[in-house]
file target_26.txt (compact mmCIF, C-alpha atoms)
# COMPACT_ATOMS: atom_id res chain seq x y z
CA MET A 1 50.60 61.46 17.13
CA ALA A 2 46.87 61.56 16.54
CA VAL A 3 44.76 59.07 18.47
CA ALA A 4 41.72 57.44 16.93
CA GLU A 5 39.19 54.94 18.21
CA LEU A 6 37.78 52.10 16.17
CA SER A 7 34.03 52.62 16.09
CA THR A 8 31.56 50.29 14.49
CA SER A 9 27.85 50.16 13.98
CA CYS A 10 25.89 47.04 13.22
CA THR A 11 22.73 46.15 11.40
CA LYS A 12 21.38 42.64 10.97
CA THR A 13 19.28 41.22 8.18
CA HIS A 14 17.72 37.77 8.21
CA SER A 15 16.80 36.14 4.92
CA SER A 16 14.73 33.57 6.78
CA GLN A 17 14.20 32.17 10.24
CA LEU A 18 17.51 31.31 11.94
CA SER A 19 18.45 27.63 11.72
CA LEU A 20 21.93 26.18 11.67
CA SER A 21 21.15 22.47 11.54
CA SER A 22 22.20 20.35 8.58
CA SER A 23 18.62 19.33 7.97
CA SER A 24 17.45 22.85 7.31
CA SER A 25 17.76 24.69 4.03
CA SER A 26 17.27 28.13 5.58
CA ARG A 27 20.12 30.59 5.37
CA PHE A 28 21.35 33.08 7.86
CA SER A 29 23.55 36.10 7.27
CA HIS A 30 24.67 39.18 9.15
CA HIS A 31 25.62 42.38 7.39
CA PHE A 32 27.67 44.93 9.27
CA ARG A 33 29.45 48.16 8.41
CA ARG A 34 32.42 49.64 10.21
CA SER A 35 33.79 53.14 10.42
CA PHE A 36 36.44 55.16 12.25
CA ARG A 37 35.86 58.30 14.24
CA PRO A 38 38.24 60.50 16.24
CA LEU A 39 38.52 59.61 19.91
CA PRO A 40 36.15 61.99 21.73
CA THR A 41 37.56 64.07 24.54
CA THR A 42 34.59 63.26 26.79
CA ARG A 43 32.11 60.42 27.10
CA ASN A 44 28.64 60.30 28.51
CA PRO A 45 27.90 56.59 28.85
CA THR A 46 25.58 54.68 31.12
CA ILE A 47 27.80 52.94 33.68
CA SER A 48 26.37 50.25 35.93
CA CYS A 49 28.40 51.24 38.99
CA SER A 50 27.42 54.92 38.99
CA VAL A 51 24.43 54.66 41.33
CA ALA A 52 24.96 56.59 44.55
CA SER A 53 23.75 54.99 47.76
CA ASP A 54 21.24 57.76 48.41
CA GLN A 55 19.73 57.28 44.94
CA VAL A 56 18.89 53.60 45.26
CA GLN A 57 15.18 52.89 45.04
CA THR A 58 12.89 49.91 45.08
CA PRO A 59 13.54 47.84 41.94
CA ILE A 60 11.40 48.97 39.03
CA PRO A 61 11.50 46.72 35.96
CA VAL A 62 12.71 48.55 32.85
CA GLN A 63 10.82 47.65 29.71
CA ALA A 64 12.69 46.70 26.58
CA GLN A 65 11.06 49.42 24.49
CA ASP A 66 12.90 52.05 26.55
CA LEU A 67 16.24 50.92 25.14
CA LYS A 68 18.16 52.85 22.53
CA GLY A 69 20.64 51.20 20.19
CA LYS A 70 22.88 48.21 20.68
CA SER A 71 26.47 47.61 21.64
CA GLU A 72 29.03 47.83 18.86
CA CYS A 73 30.40 44.92 16.89
CA TYR A 74 34.18 44.83 16.66
CA GLY A 75 36.61 44.59 13.77
CA VAL A 76 36.55 41.41 11.71
CA PHE A 77 33.40 40.33 13.55
CA CYS A 78 31.53 43.08 11.70
CA LEU A 79 32.10 41.40 8.35
CA THR A 80 29.33 39.60 6.47
CA TYR A 81 29.16 35.85 6.90
CA ASP A 82 26.70 33.08 6.09
CA LEU A 83 27.03 29.97 8.25
CA GLN A 84 24.93 27.79 5.98
CA ALA A 85 27.14 28.63 3.01
CA GLU A 86 30.14 27.09 4.77
CA GLU A 87 30.32 23.32 4.42
CA GLU A 88 31.98 22.74 7.80
CA THR A 89 29.26 24.63 9.67
CA LYS A 90 26.25 22.65 8.45
CA SER A 91 26.24 20.47 11.56
CA TRP A 92 26.55 23.43 13.90
CA LYS A 93 23.89 24.38 16.42
CA LYS A 94 22.09 27.71 16.55
CA LEU A 95 24.37 30.58 17.56
CA ILE A 96 24.11 31.54 21.25
CA ASN A 97 24.73 34.94 22.85
CA ILE A 98 27.01 35.04 25.88
CA ALA A 99 27.37 38.25 27.88
CA VAL A 100 30.38 38.74 30.14
CA SER A 101 30.82 41.64 32.56
CA GLY A 102 34.27 42.63 33.77
CA ALA A 103 35.39 41.45 30.36
CA ALA A 104 38.70 43.33 30.46
CA GLY A 105 39.76 41.71 33.75
CA MET A 106 42.13 38.84 34.47
CA ILE A 107 39.46 36.17 35.03
CA SER A 108 37.83 37.03 31.70
CA ASN A 109 41.22 37.04 30.01
CA HIS A 110 41.40 33.31 30.74
CA LEU A 111 37.69 32.55 30.32
CA LEU A 112 36.86 34.21 26.99
CA PHE A 113 39.37 32.18 25.01
CA LYS A 114 38.04 28.95 26.51
CA ILE A 115 34.52 29.91 25.41
CA ALA A 116 35.64 30.98 21.93
CA SER A 117 37.62 27.76 21.38
CA GLY A 118 34.60 25.51 21.95
CA GLU A 119 35.94 24.10 25.23
CA VAL A 120 32.88 25.29 27.18
CA PHE A 121 29.80 24.86 24.99
CA GLY A 122 31.13 22.23 22.61
CA PRO A 123 32.89 21.88 19.24
CA ASN A 124 29.73 22.48 17.18
CA GLN A 125 28.34 25.46 19.10
CA PRO A 126 28.99 28.88 17.47
CA VAL A 127 29.03 31.74 19.94
CA ALA A 128 28.59 35.50 20.03
CA LEU A 129 30.48 37.25 22.84
CA LYS A 130 28.94 40.41 24.26
CA LEU A 131 31.55 42.09 26.43
CA LEU A 132 30.75 44.65 29.13
CA GLY A 133 33.38 46.98 30.51
CA SER A 134 33.48 50.43 32.05
CA GLU A 135 34.48 53.85 30.80
CA ARG A 136 37.89 53.36 32.41
CA SER A 137 38.46 49.93 30.83
CA ILE A 138 37.10 50.55 27.32
CA GLN A 139 40.51 50.63 25.63
CA ALA A 140 41.54 47.44 27.41
CA LEU A 141 38.26 45.92 26.21
CA GLU A 142 39.21 46.82 22.64
CA GLY A 143 42.53 45.07 23.27
CA VAL A 144 40.68 41.92 24.37
CA ALA A 145 38.60 42.05 21.18
CA MET A 146 41.78 42.43 19.12
CA GLU A 147 43.27 39.31 20.73
CA LEU A 148 40.08 37.40 20.01
CA GLU A 149 40.35 38.55 16.38
CA ASP A 150 43.93 37.35 16.13
CA SER A 151 43.11 33.93 17.59
CA LEU A 152 41.01 32.94 14.54
CA PHE A 153 38.50 30.84 16.45
CA PRO A 154 36.07 29.33 13.88
CA LEU A 155 33.24 29.11 16.41
CA LEU A 156 33.51 32.77 17.46
CA ARG A 157 31.15 34.49 15.03
CA GLU A 158 30.41 37.79 16.75
CA VAL A 159 32.06 40.03 19.32
CA SER A 160 30.49 43.24 20.56
CA ILE A 161 31.81 45.56 23.25
CA GLY A 162 30.21 48.30 25.30
CA ILE A 163 29.80 49.96 28.69
CA ASN A 164 26.01 50.09 28.88
CA PRO A 165 24.58 46.83 30.29
CA TYR A 166 21.17 47.47 28.72
CA GLU A 167 22.83 47.34 25.30
CA VAL A 168 25.43 44.64 25.95
CA PHE A 169 22.92 42.23 27.53
CA GLN A 170 20.56 42.40 24.54
CA ASP A 171 19.30 38.85 23.78
CA ALA A 172 21.93 37.26 26.05
CA GLU A 173 21.25 33.58 26.76
CA TRP A 174 24.08 33.30 29.28
CA ALA A 175 25.28 36.14 31.51
CA LEU A 176 28.58 35.67 33.33
CA LEU A 177 28.77 38.54 35.81
CA ILE A 178 32.42 38.75 36.80
CA GLY A 179 33.00 42.48 37.16
CA ALA A 180 32.89 43.88 40.71
CA LYS A 181 34.81 46.31 42.85
CA PRO A 182 37.55 44.60 44.89
CA ARG A 183 37.73 45.21 48.59
CA GLY A 184 40.28 47.92 49.34
CA PRO A 185 42.29 48.69 52.49
CA GLY A 186 40.07 49.74 55.38
CA MET A 187 36.85 48.84 53.56
CA GLU A 188 34.27 47.08 55.69
CA ARG A 189 32.37 44.09 54.32
CA ALA A 190 29.15 46.11 54.69
CA ASP A 191 30.62 48.83 52.44
CA LEU A 192 31.55 46.26 49.82
CA LEU A 193 28.05 44.78 49.95
CA ASP A 194 26.55 48.20 49.27
CA ILE A 195 28.97 49.26 46.52
CA ASN A 196 28.86 46.00 44.59
CA GLY A 197 25.18 45.55 45.36
CA GLN A 198 24.46 48.72 43.41
CA ILE A 199 26.32 47.29 40.43
CA PHE A 200 24.35 44.05 40.51
CA ALA A 201 21.03 45.81 41.08
CA GLU A 202 21.61 47.78 37.88
CA GLN A 203 22.76 44.72 35.98
CA GLY A 204 19.69 42.81 37.17
CA LYS A 205 17.45 45.54 35.77
CA ALA A 206 19.39 45.46 32.51
CA LEU A 207 19.02 41.68 32.22
CA ASN A 208 15.33 41.99 32.98
CA ALA A 209 14.88 44.53 30.20
CA SER A 210 17.25 43.20 27.55
CA ALA A 211 18.25 39.56 27.94
CA PHE A 212 16.64 36.40 26.64
CA PRO A 213 13.73 35.57 29.01
CA ASN A 214 15.32 32.27 30.10
CA VAL A 215 18.86 33.63 30.42
CA LYS A 216 21.15 31.68 32.77
CA VAL A 217 23.08 33.97 35.12
CA ILE A 218 26.28 33.07 36.96
CA VAL A 219 27.46 35.68 39.48
CA VAL A 220 31.18 35.65 40.20
CA GLY A 221 31.78 39.15 41.62
CA ASN A 222 31.93 39.06 45.41
CA PRO A 223 30.17 38.81 47.78
CA CYS A 224 28.66 36.54 45.14
CA ASN A 225 25.78 34.92 47.08
CA THR A 226 24.17 38.21 48.08
CA ASN A 227 25.07 39.86 44.77
CA ALA A 228 23.20 37.03 43.03
CA LEU A 229 20.20 37.64 45.30
CA ILE A 230 20.25 41.37 44.52
CA CYS A 231 20.54 40.72 40.79
CA MET A 232 17.67 38.21 40.91
CA LYS A 233 15.38 40.55 42.88
CA ASN A 234 15.92 43.25 40.25
CA ALA A 235 15.05 40.89 37.40
CA PRO A 236 11.53 39.66 38.26
CA ASN A 237 10.81 38.50 34.70
CA ILE A 238 13.65 35.97 34.77
CA PRO A 239 13.07 32.68 36.67
CA ALA A 240 14.72 32.84 40.09
CA LYS A 241 16.07 29.35 39.50
CA ASN A 242 18.27 30.69 36.70
CA PHE A 243 20.58 32.63 39.04
CA HIS A 244 23.75 31.03 40.36
CA ALA A 245 26.50 32.22 42.69
CA LEU A 246 29.86 30.66 41.90
CA THR A 247 31.05 28.26 44.61
CA ARG A 248 32.61 25.79 42.18
CA LEU A 249 36.18 26.94 42.90
CA ASP A 250 35.59 26.12 46.58
CA GLU A 251 34.36 22.67 45.53
CA ASN A 252 37.41 22.12 43.32
CA ARG A 253 39.75 23.18 46.12
CA ALA A 254 38.00 20.84 48.57
CA LYS A 255 38.35 17.91 46.16
CA CYS A 256 42.04 18.68 45.76
CA GLN A 257 42.65 18.71 49.52
CA LEU A 258 40.81 15.42 50.05
CA ALA A 259 42.74 13.83 47.20
CA LEU A 260 46.07 14.99 48.65
CA LYS A 261 45.20 13.65 52.10
CA ALA A 262 43.99 10.30 50.73
CA GLY A 263 46.91 9.90 48.31
CA VAL A 264 44.72 9.59 45.21
CA PHE A 265 44.21 11.62 42.05
CA TYR A 266 41.44 14.19 42.35
CA ASP A 267 39.21 12.51 39.78
CA GLN A 268 38.60 9.84 42.43
CA VAL A 269 36.79 12.38 44.66
CA SER A 270 33.05 12.78 44.03
CA ASN A 271 29.85 13.99 45.69
CA MET A 272 31.57 17.08 47.08
CA THR A 273 29.24 19.77 48.37
CA ILE A 274 30.00 23.31 49.45
CA TRP A 275 27.14 24.46 51.66
CA GLY A 276 26.30 28.10 52.30
CA ASN A 277 28.08 31.35 51.63
CA HIS A 278 31.24 32.00 49.63
CA SER A 279 33.00 33.19 52.78
CA THR A 280 34.79 31.73 55.78
CA THR A 281 31.42 30.33 56.93
CA GLN A 282 31.30 28.03 53.90
CA VAL A 283 30.94 24.34 54.75
CA PRO A 284 32.95 21.83 52.69
CA ASP A 285 30.97 18.64 53.29
CA PHE A 286 33.17 15.61 53.98
CA LEU A 287 30.23 13.66 55.42
CA ASN A 288 28.56 13.07 52.02
CA ALA A 289 31.69 13.21 49.84
CA ARG A 290 33.24 10.02 48.49
CA ILE A 291 36.69 8.81 47.52
CA LYS A 292 36.77 5.90 45.06
CA GLY A 293 33.09 5.44 45.80
CA LEU A 294 33.58 5.09 49.56
CA PRO A 295 32.55 7.62 52.23
CA VAL A 296 35.44 9.98 52.96
CA LYS A 297 35.45 9.12 56.66
CA GLU A 298 36.09 5.48 55.78
CA VAL A 299 39.09 6.41 53.63
CA ILE A 300 40.55 9.23 55.75
CA LYS A 301 40.67 7.94 59.31
CA ASP A 302 42.06 11.21 60.71
CA HIS A 303 38.68 12.70 61.61
CA LYS A 304 40.30 15.50 63.60
CA TRP A 305 42.00 16.67 60.39
CA LEU A 306 38.66 16.58 58.59
CA GLU A 307 36.89 18.62 61.25
CA GLU A 308 39.64 21.15 62.01
CA GLU A 309 42.17 21.50 59.19
CA PHE A 310 40.29 20.54 56.06
CA THR A 311 37.85 23.47 56.01
CA GLU A 312 40.58 25.96 56.89
CA LYS A 313 42.79 24.71 54.07
CA VAL A 314 39.95 25.19 51.58
CA GLN A 315 39.15 28.67 52.88
CA LYS A 316 42.76 29.90 52.94
CA ARG A 317 43.84 28.44 49.61
CA GLY A 318 43.36 31.74 47.76
CA GLY A 319 45.37 33.69 50.32
CA VAL A 320 48.22 31.19 50.20
CA LEU A 321 48.28 31.42 46.42
CA ILE A 322 48.57 35.21 46.52
CA LYS A 323 51.50 35.00 48.95
CA LYS A 324 53.24 32.56 46.62
CA TRP A 325 53.15 34.64 43.46
CA GLY A 326 51.46 37.93 44.19
CA ARG A 327 48.32 37.37 42.12
CA SER A 328 44.80 36.26 42.77
CA SER A 329 43.44 32.96 41.47
CA ALA A 330 42.17 34.27 38.12
CA ALA A 331 43.02 31.18 36.06
CA SER A 332 41.48 28.63 38.44
CA THR A 333 38.43 30.86 38.86
CA ALA A 334 37.97 30.85 35.08
CA VAL A 335 38.28 27.06 35.05
CA SER A 336 35.65 26.80 37.79
CA ILE A 337 33.26 28.97 35.73
CA VAL A 338 33.77 26.57 32.84
CA ASP A 339 33.11 23.63 35.17
CA ASP A 340 29.95 25.32 36.46
CA ILE A 341 28.57 25.92 32.97
CA ARG A 342 29.43 22.43 31.77
CA SER A 343 27.71 20.93 34.83
CA LEU A 344 24.51 22.64 33.68
CA ILE A 345 24.74 21.69 29.99
CA THR A 346 26.05 18.13 30.50
CA PRO A 347 24.08 15.39 32.28
CA THR A 348 25.46 14.82 35.78
CA PRO A 349 27.10 11.38 36.11
CA LYS A 350 24.81 8.92 37.86
CA GLY A 351 25.06 9.17 41.64
CA ASP A 352 27.22 12.31 41.60
CA TRP A 353 26.40 16.00 42.01
CA PHE A 354 27.96 19.47 41.95
CA SER A 355 27.78 22.62 44.08
CA SER A 356 26.20 25.92 43.11
CA GLY A 357 24.81 28.88 45.01
CA VAL A 358 21.11 28.86 44.15
CA TYR A 359 17.81 30.23 45.43
CA THR A 360 16.59 28.38 48.51
CA ASN A 361 12.81 28.55 47.97
CA GLY A 362 11.40 25.03 48.05
CA ASN A 363 14.65 23.37 49.16
CA PRO A 364 14.33 19.98 50.92
CA TYR A 365 16.93 20.65 53.63
CA GLY A 366 15.09 23.07 55.90
CA ILE A 367 17.38 25.95 54.96
CA VAL A 368 15.64 29.30 55.34
CA GLU A 369 13.98 30.52 52.15
CA ASP A 370 14.68 33.66 50.09
CA ILE A 371 18.48 33.61 50.15
CA VAL A 372 21.10 32.29 47.70
CA PHE A 373 22.84 29.34 49.33
CA SER A 374 25.30 26.82 47.92
CA MET A 375 23.73 23.37 47.79
CA PRO A 376 24.19 20.05 45.93
CA CYS A 377 22.66 20.01 42.43
CA ARG A 378 22.13 17.61 39.56
CA SER A 379 21.38 18.46 35.93
CA LYS A 380 19.95 16.64 32.94
CA GLY A 381 22.18 18.77 30.72
CA ASP A 382 19.44 21.18 29.67
CA GLY A 383 20.77 24.20 31.58
CA ASP A 384 18.43 23.52 34.47
CA TYR A 385 19.08 21.65 37.73
CA GLU A 386 17.37 19.93 40.62
CA LEU A 387 18.47 19.79 44.23
CA VAL A 388 19.82 16.47 45.50
CA LYS A 389 17.60 14.83 48.09
CA ASP A 390 19.69 11.82 49.10
CA VAL A 391 22.14 13.55 51.45
CA ILE A 392 22.70 12.94 55.15
CA PHE A 393 23.36 15.35 58.01
CA ASP A 394 24.93 15.10 61.44
CA ASP A 395 25.13 17.64 64.25
CA TYR A 396 28.55 18.87 63.12
CA LEU A 397 27.33 19.61 59.58
CA LEU A 398 24.01 21.16 60.64
CA LYS A 399 25.67 23.50 63.14
CA ARG A 400 27.97 24.92 60.48
CA ILE A 401 25.23 25.19 57.88
CA LYS A 402 23.17 27.23 60.35
CA LYS A 403 26.09 29.60 60.90
CA SER A 404 26.42 30.26 57.18
CA GLU A 405 22.65 30.67 56.91
CA ALA A 406 22.69 33.29 59.68
CA GLU A 407 25.43 35.21 57.91
CA LEU A 408 23.50 35.31 54.63
CA LEU A 409 20.38 36.53 56.44
CA ALA A 410 22.48 39.33 57.95
CA GLU A 411 23.83 40.23 54.51
CA LYS A 412 20.28 40.23 53.16
CA ARG A 413 19.22 42.76 55.83
CA CYS A 414 22.23 44.86 54.91
CA VAL A 415 21.10 45.22 51.27
CA ALA A 416 17.35 45.50 51.81
CA HIS A 417 17.41 48.90 50.07
CA LEU A 418 18.66 47.16 46.91
CA THR A 419 16.10 44.35 46.88
CA GLY A 420 12.98 46.44 47.46
CA GLU A 421 12.56 45.23 51.03
CA GLY A 422 12.93 48.47 52.98
CA ILE A 423 15.89 50.23 54.55
CA GLY A 424 19.16 48.37 54.77
CA PHE A 425 20.46 47.62 58.26
CA CYS A 426 23.88 46.01 58.73
CA ASP A 427 24.54 43.84 61.76
CA LEU A 428 27.18 41.55 60.32
CA PRO A 429 28.59 39.50 63.21
CA GLU A 430 32.18 39.33 61.99
CA ASP A 431 34.45 39.82 59.00
CA THR A 432 34.24 36.61 56.98
CA MET A 433 35.76 37.66 53.67
CA LEU A 434 37.88 34.85 52.29
CA PRO A 435 41.66 35.45 52.40
CA GLY A 436 42.84 36.56 48.98
CA GLU A 437 39.67 38.50 48.18
CA MET A 438 40.41 41.56 50.30
call {"tool": "encode", "arguments": {"input": "target_26.txt", "output": "structure tokens"}}
result
Amino acid sequence: MAVAELSTSCTKTHSSQLSLSSSSSSRFSHHFRRSFRPLPTTRNPTISCSVASDQVQTPIPVQAQDLKGKSECYGVFCLTYDLQAEEETKSWKKLINIAVSGAAGMISNHLLFKIASGEVFGPNQPVALKLLGSERSIQALEGVAMELEDSLFPLLREVSIGINPYEVFQDAEWALLIGAKPRGPGMERADLLDINGQIFAEQGKALNASAFPNVKVIVVGNPCNTNALICMKNAPNIPAKNFHALTRLDENRAKCQLALKAGVFYDQVSNMTIWGNHSTTQVPDFLNARIKGLPVKEVIKDHKWLEEEFTEKVQKRGGVLIKKWGRSSAASTAVSIVDDIRSLITPTPKGDWFSSGVYTNGNPYGIVEDIVFSMPCRSKGDGDYELVKDVIFDDYLLKRIKKSEAELLAEKRCVAHLTGEGIGFCDLPEDTMLPGEM
């Protein structure tokens, strides 16, 4: 049986400046053409994880004019449409471009359909999905695009797929960097930092060259704090404040454990902070957290449980889940990405906050600068955030924050060759990979 690959090429024409509001009379249309070609026996793509360790150099920004071509639109998403000509779309916002790496993986398999349905960015926000895979996963990526086709999401107006980040990240306003190499048997944490660091160094350069200048970047692939730092350092034209490392799943797990211990539903738990690294040095903060508006230590009188068991339960939750059903926490990770995005595009409830791994420069807590560290944040709903100032510390909390800080500084030294800061030197004190991520 002959095998063929669906191949598409896209061209865009704009009849006027893009505007999708009901008050505007401008019109917007995309014209695409599609074609089929035989599946080639070999490929010669640009793959973000192909950089050898001895080839890594000081980050050099790549200029947009060096790019060639764009990623390919897929199937029904290559057809002509005109949003303003459709009555139901007149109240819609301007279309936004969302790039997702590791788009053929399990986390993305849950996340993409949430984005396309309107659950993430809202019921009047049309989206274009720009999906990045690898040479090995390209057919699976086509399968993902086919499922998105068959789901008939009205808000999903464009889908493009590709394996070159410089093409896929073109004009991206959100970049959700999920794809990363998992830690295999016998692999040291330092090895994983180097291998995945190369991926995120390349993706940082691609974002710098191709993405929207104010793109918001959420790094999920582990070790996510240091990967976010590497990505940021390789994208000097993008504000450092725009880079996030995902610690929201840790926050959600901490809220769940506090709710279980207190005998309340988890929506009664607020002001939960995860400090530090997404590792076993992370610090779930029960000192500032609240249950039904009261300090946790006033509700949960078992302070020994808080200091000894609580953190361990949060850290080991992923490992316990894998033992139960043999899979990693892909679905809850996808939900936490949604929570993280919505925390940035929705005003934070008064008096509350959320956790995110962000750049420490200018922080009010005395945490060392120039690392990515999970801290409490608030947002006005404009995609930006500010650090929360009204938090308290005790010796117990400070001691554990300092331990996580020291670990991130050690990781930073380990990847110095990827951030333009010299030769990498690894002196990681211990293996702190979270159970379930090995």
call {"tool": "axis_aligned_box", "arguments": {"input": "target_26.txt", "around": "stretch 187-202 of chain A", "padding_each_side": "8 Å", "output": "lines of an AutoDock Vina configuration file"}}
result
center_x = 28.9
center_y = 46.7
center_z = 46.8
size_x = 31.8
size_y = 21.2
size_z = 33.8
call {"tool": "closest_residue", "arguments": {"input": "target_26.txt", "among": "A:Leu207, A:Val372, A:Lys255, A:Ala262", "to": "A:Ala235", "atoms": "all atoms listed in the file"}}
result
A:Leu207
call {"tool": "atom_distance", "arguments": {"input": "target_26.txt", "atom1": "atom CA of A:Ala172", "atom2": "atom CA of A:Asp194"}}
result
26.1 Å
call {"tool": "atom_distance", "arguments": {"input": "target_26.txt", "atom1": "atom CA of A:Ile96", "atom2": "atom CA of A:Ala331"}}
result
24.0 Å
call {"tool": "residues_around", "arguments": {"input": "target_26.txt", "residues": "A:Glu407", "least_positions_apart": "5", "cutoff": "8 Å", "atoms": "all atoms listed in the file", "output": "list in words"}}
result
Asn277, Thr281, Leu428 and Pro429 of chain A
call {"tool": "residues_around", "arguments": {"input": "target_26.txt", "residues": "A:Gln268", "least_positions_apart": "4", "cutoff": "9 Å", "atoms": "all atoms listed in the file", "output": "PyMOL selection string"}}
result
chain A and resi 255+259+264+290-293
call {"tool": "write_last_selection", "arguments": {"input": "target_26.txt", "atoms": "C-alpha atoms", "output": "short mmCIF file (atom, residue, chain, number, x, y, z; two decimals), keeping the file's coordinate frame"}}
result
data_model
loop_
_atom_site.label_atom_id
_atom_site.label_comp_id
_atom_site.auth_asym_id
_atom_site.auth_seq_id
_atom_site.Cartn_x
_atom_site.Cartn_y
_atom_site.Cartn_z
CA LYS A 255 38.35 17.91 46.16
CA ALA A 259 42.74 13.83 47.20
CA VAL A 264 44.72 9.59 45.21
CA ARG A 290 33.24 10.02 48.49
CA ILE A 291 36.69 8.81 47.52
CA LYS A 292 36.77 5.90 45.06
CA GLY A 293 33.09 5.44 45.80
#
call {"tool": "atom_distance", "arguments": {"input": "target_26.txt", "atom1": "atom CA of A:Pro126", "atom2": "atom CA of A:Thr89"}}
result
8.9 Å
call {"tool": "closest_residue", "arguments": {"input": "target_26.txt", "among": "A:Thr360, A:Ser117, A:Asn124, A:Asn252", "to": "A:Val314", "atoms": "only C-alpha atoms"}}
result
A:Asn252
call {"tool": "residues_around", "arguments": {"input": "target_26.txt", "residues": "stretch 384-401 of chain A", "least_positions_apart": "4", "cutoff": "10 Å", "atoms": "only C-alpha atoms", "output": "PDB file with C-alpha atoms, in the coordinates of the input"}}
result
ATOM      1  CA  LYS A 216      21.150  31.680  32.770  1.00  0.00           C
ATOM      2  CA  LYS A 241      16.070  29.350  39.500  1.00  0.00           C
ATOM      3  CA  ASN A 242      18.270  30.690  36.700  1.00  0.00           C
ATOM      4  CA  ASN A 271      29.850  13.990  45.690  1.00  0.00           C
ATOM      5  CA  THR A 273      29.240  19.770  48.370  1.00  0.00           C
ATOM      6  CA  ILE A 274      30.000  23.310  49.450  1.00  0.00           C
ATOM      7  CA  TRP A 275      27.140  24.460  51.660  1.00  0.00           C
ATOM      8  CA  GLY A 276      26.300  28.100  52.300  1.00  0.00           C
ATOM      9  CA  ASN A 277      28.080  31.350  51.630  1.00  0.00           C
ATOM     10  CA  THR A 281      31.420  30.330  56.930  1.00  0.00           C
ATOM     11  CA  GLN A 282      31.300  28.030  53.900  1.00  0.00           C
ATOM     12  CA  VAL A 283      30.940  24.340  54.750  1.00  0.00           C
ATOM     13  CA  PRO A 284      32.950  21.830  52.690  1.00  0.00           C
ATOM     14  CA  ASP A 285      30.970  18.640  53.290  1.00  0.00           C
ATOM     15  CA  PHE A 286      33.170  15.610  53.980  1.00  0.00           C
ATOM     16  CA  LEU A 287      30.230  13.660  55.420  1.00  0.00           C
ATOM     17  CA  ASN A 288      28.560  13.070  52.020  1.00  0.00           C
ATOM     18  CA  ALA A 289      31.690  13.210  49.840  1.00  0.00           C
ATOM     19  CA  GLU A 307      36.890  18.620  61.250  1.00  0.00           C
ATOM     20  CA  SER A 343      27.710  20.930  34.830  1.00  0.00           C
ATOM     21  CA  LEU A 344      24.510  22.640  33.680  1.00  0.00           C
ATOM     22  CA  ILE A 345      24.740  21.690  29.990  1.00  0.00           C
ATOM     23  CA  PRO A 347      24.080  15.390  32.280  1.00  0.00           C
ATOM     24  CA  THR A 348      25.460  14.820  35.780  1.00  0.00           C
ATOM     25  CA  GLY A 351      25.060   9.170  41.640  1.00  0.00           C
ATOM     26  CA  ASP A 352      27.220  12.310  41.600  1.00  0.00           C
ATOM     27  CA  TRP A 353      26.400  16.000  42.010  1.00  0.00           C
ATOM     28  CA  PHE A 354      27.960  19.470  41.950  1.00  0.00           C
ATOM     29  CA  SER A 355      27.780  22.620  44.080  1.00  0.00           C
ATOM     30  CA  SER A 356      26.200  25.920  43.110  1.00  0.00           C
ATOM     31  CA  VAL A 358      21.110  28.860  44.150  1.00  0.00           C
ATOM     32  CA  THR A 360      16.590  28.380  48.510  1.00  0.00           C
ATOM     33  CA  GLY A 362      11.400  25.030  48.050  1.00  0.00           C
ATOM     34  CA  ASN A 363      14.650  23.370  49.160  1.00  0.00           C
ATOM     35  CA  PRO A 364      14.330  19.980  50.920  1.00  0.00           C
ATOM     36  CA  TYR A 365      16.930  20.650  53.630  1.00  0.00           C
ATOM     37  CA  ILE A 367      17.380  25.950  54.960  1.00  0.00           C
ATOM     38  CA  PHE A 373      22.840  29.340  49.330  1.00  0.00           C
ATOM     39  CA  MET A 375      23.730  23.370  47.790  1.00  0.00           C
ATOM     40  CA  PRO A 376      24.190  20.050  45.930  1.00  0.00           C
ATOM     41  CA  CYS A 377      22.660  20.010  42.430  1.00  0.00           C
ATOM     42  CA  ARG A 378      22.130  17.610  39.560  1.00  0.00           C
ATOM     43  CA  SER A 379      21.380  18.460  35.930  1.00  0.00           C
ATOM     44  CA  LYS A 380      19.950  16.640  32.940  1.00  0.00           C
ATOM     45  CA  GLU A 405      22.650  30.670  56.910  1.00  0.00           C
ATOM     46  CA  ALA A 406      22.690  33.290  59.680  1.00  0.00           C
TER      47      ALA A 406
END
call {"tool": "residues_around", "arguments": {"input": "target_26.txt", "residues": "A:Asn222", "least_positions_apart": "5", "cutoff": "8 Å", "atoms": "only C-alpha atoms", "output": "PyMOL selection string"}}
result
chain A and resi 180+182+196+227
call {"tool": "residues_around", "arguments": {"input": "target_26.txt", "residues": "stretch 138-153 of chain A", "least_positions_apart": "5", "cutoff": "12 Å", "atoms": "only C-alpha atoms", "output": "MDAnalysis selection string"}}
result
chainID A and resid 3:8 39 43 45 47 72:79 100:106 108:119 123 125:133 158:164
call {"tool": "closest_residue", "arguments": {"input": "target_26.txt", "among": "A:Ala410, A:Ile371, A:Ala330, A:Val215", "to": "A:Lys233", "atoms": "all atoms listed in the file"}}
result
A:Ile371
call {"tool": "closest_residue", "arguments": {"input": "target_26.txt", "among": "A:Trp305, A:Ile107, A:Val296, A:Leu249", "to": "A:Ser328", "atoms": "all atoms listed in the file"}}
result
A:Ile107
call {"tool": "closest_residue", "arguments": {"input": "target_26.txt", "among": "A:Glu135, A:Phe425, A:Lys402, A:Phe243", "to": "A:Asp191", "atoms": "only C-alpha atoms"}}
result
A:Phe425
call {"tool": "closest_residue", "arguments": {"input": "target_26.txt", "among": "A:Glu312, A:Leu418, A:Val338, A:Lys93", "to": "A:Leu155", "atoms": "all atoms listed in the file"}}
result
A:Lys93
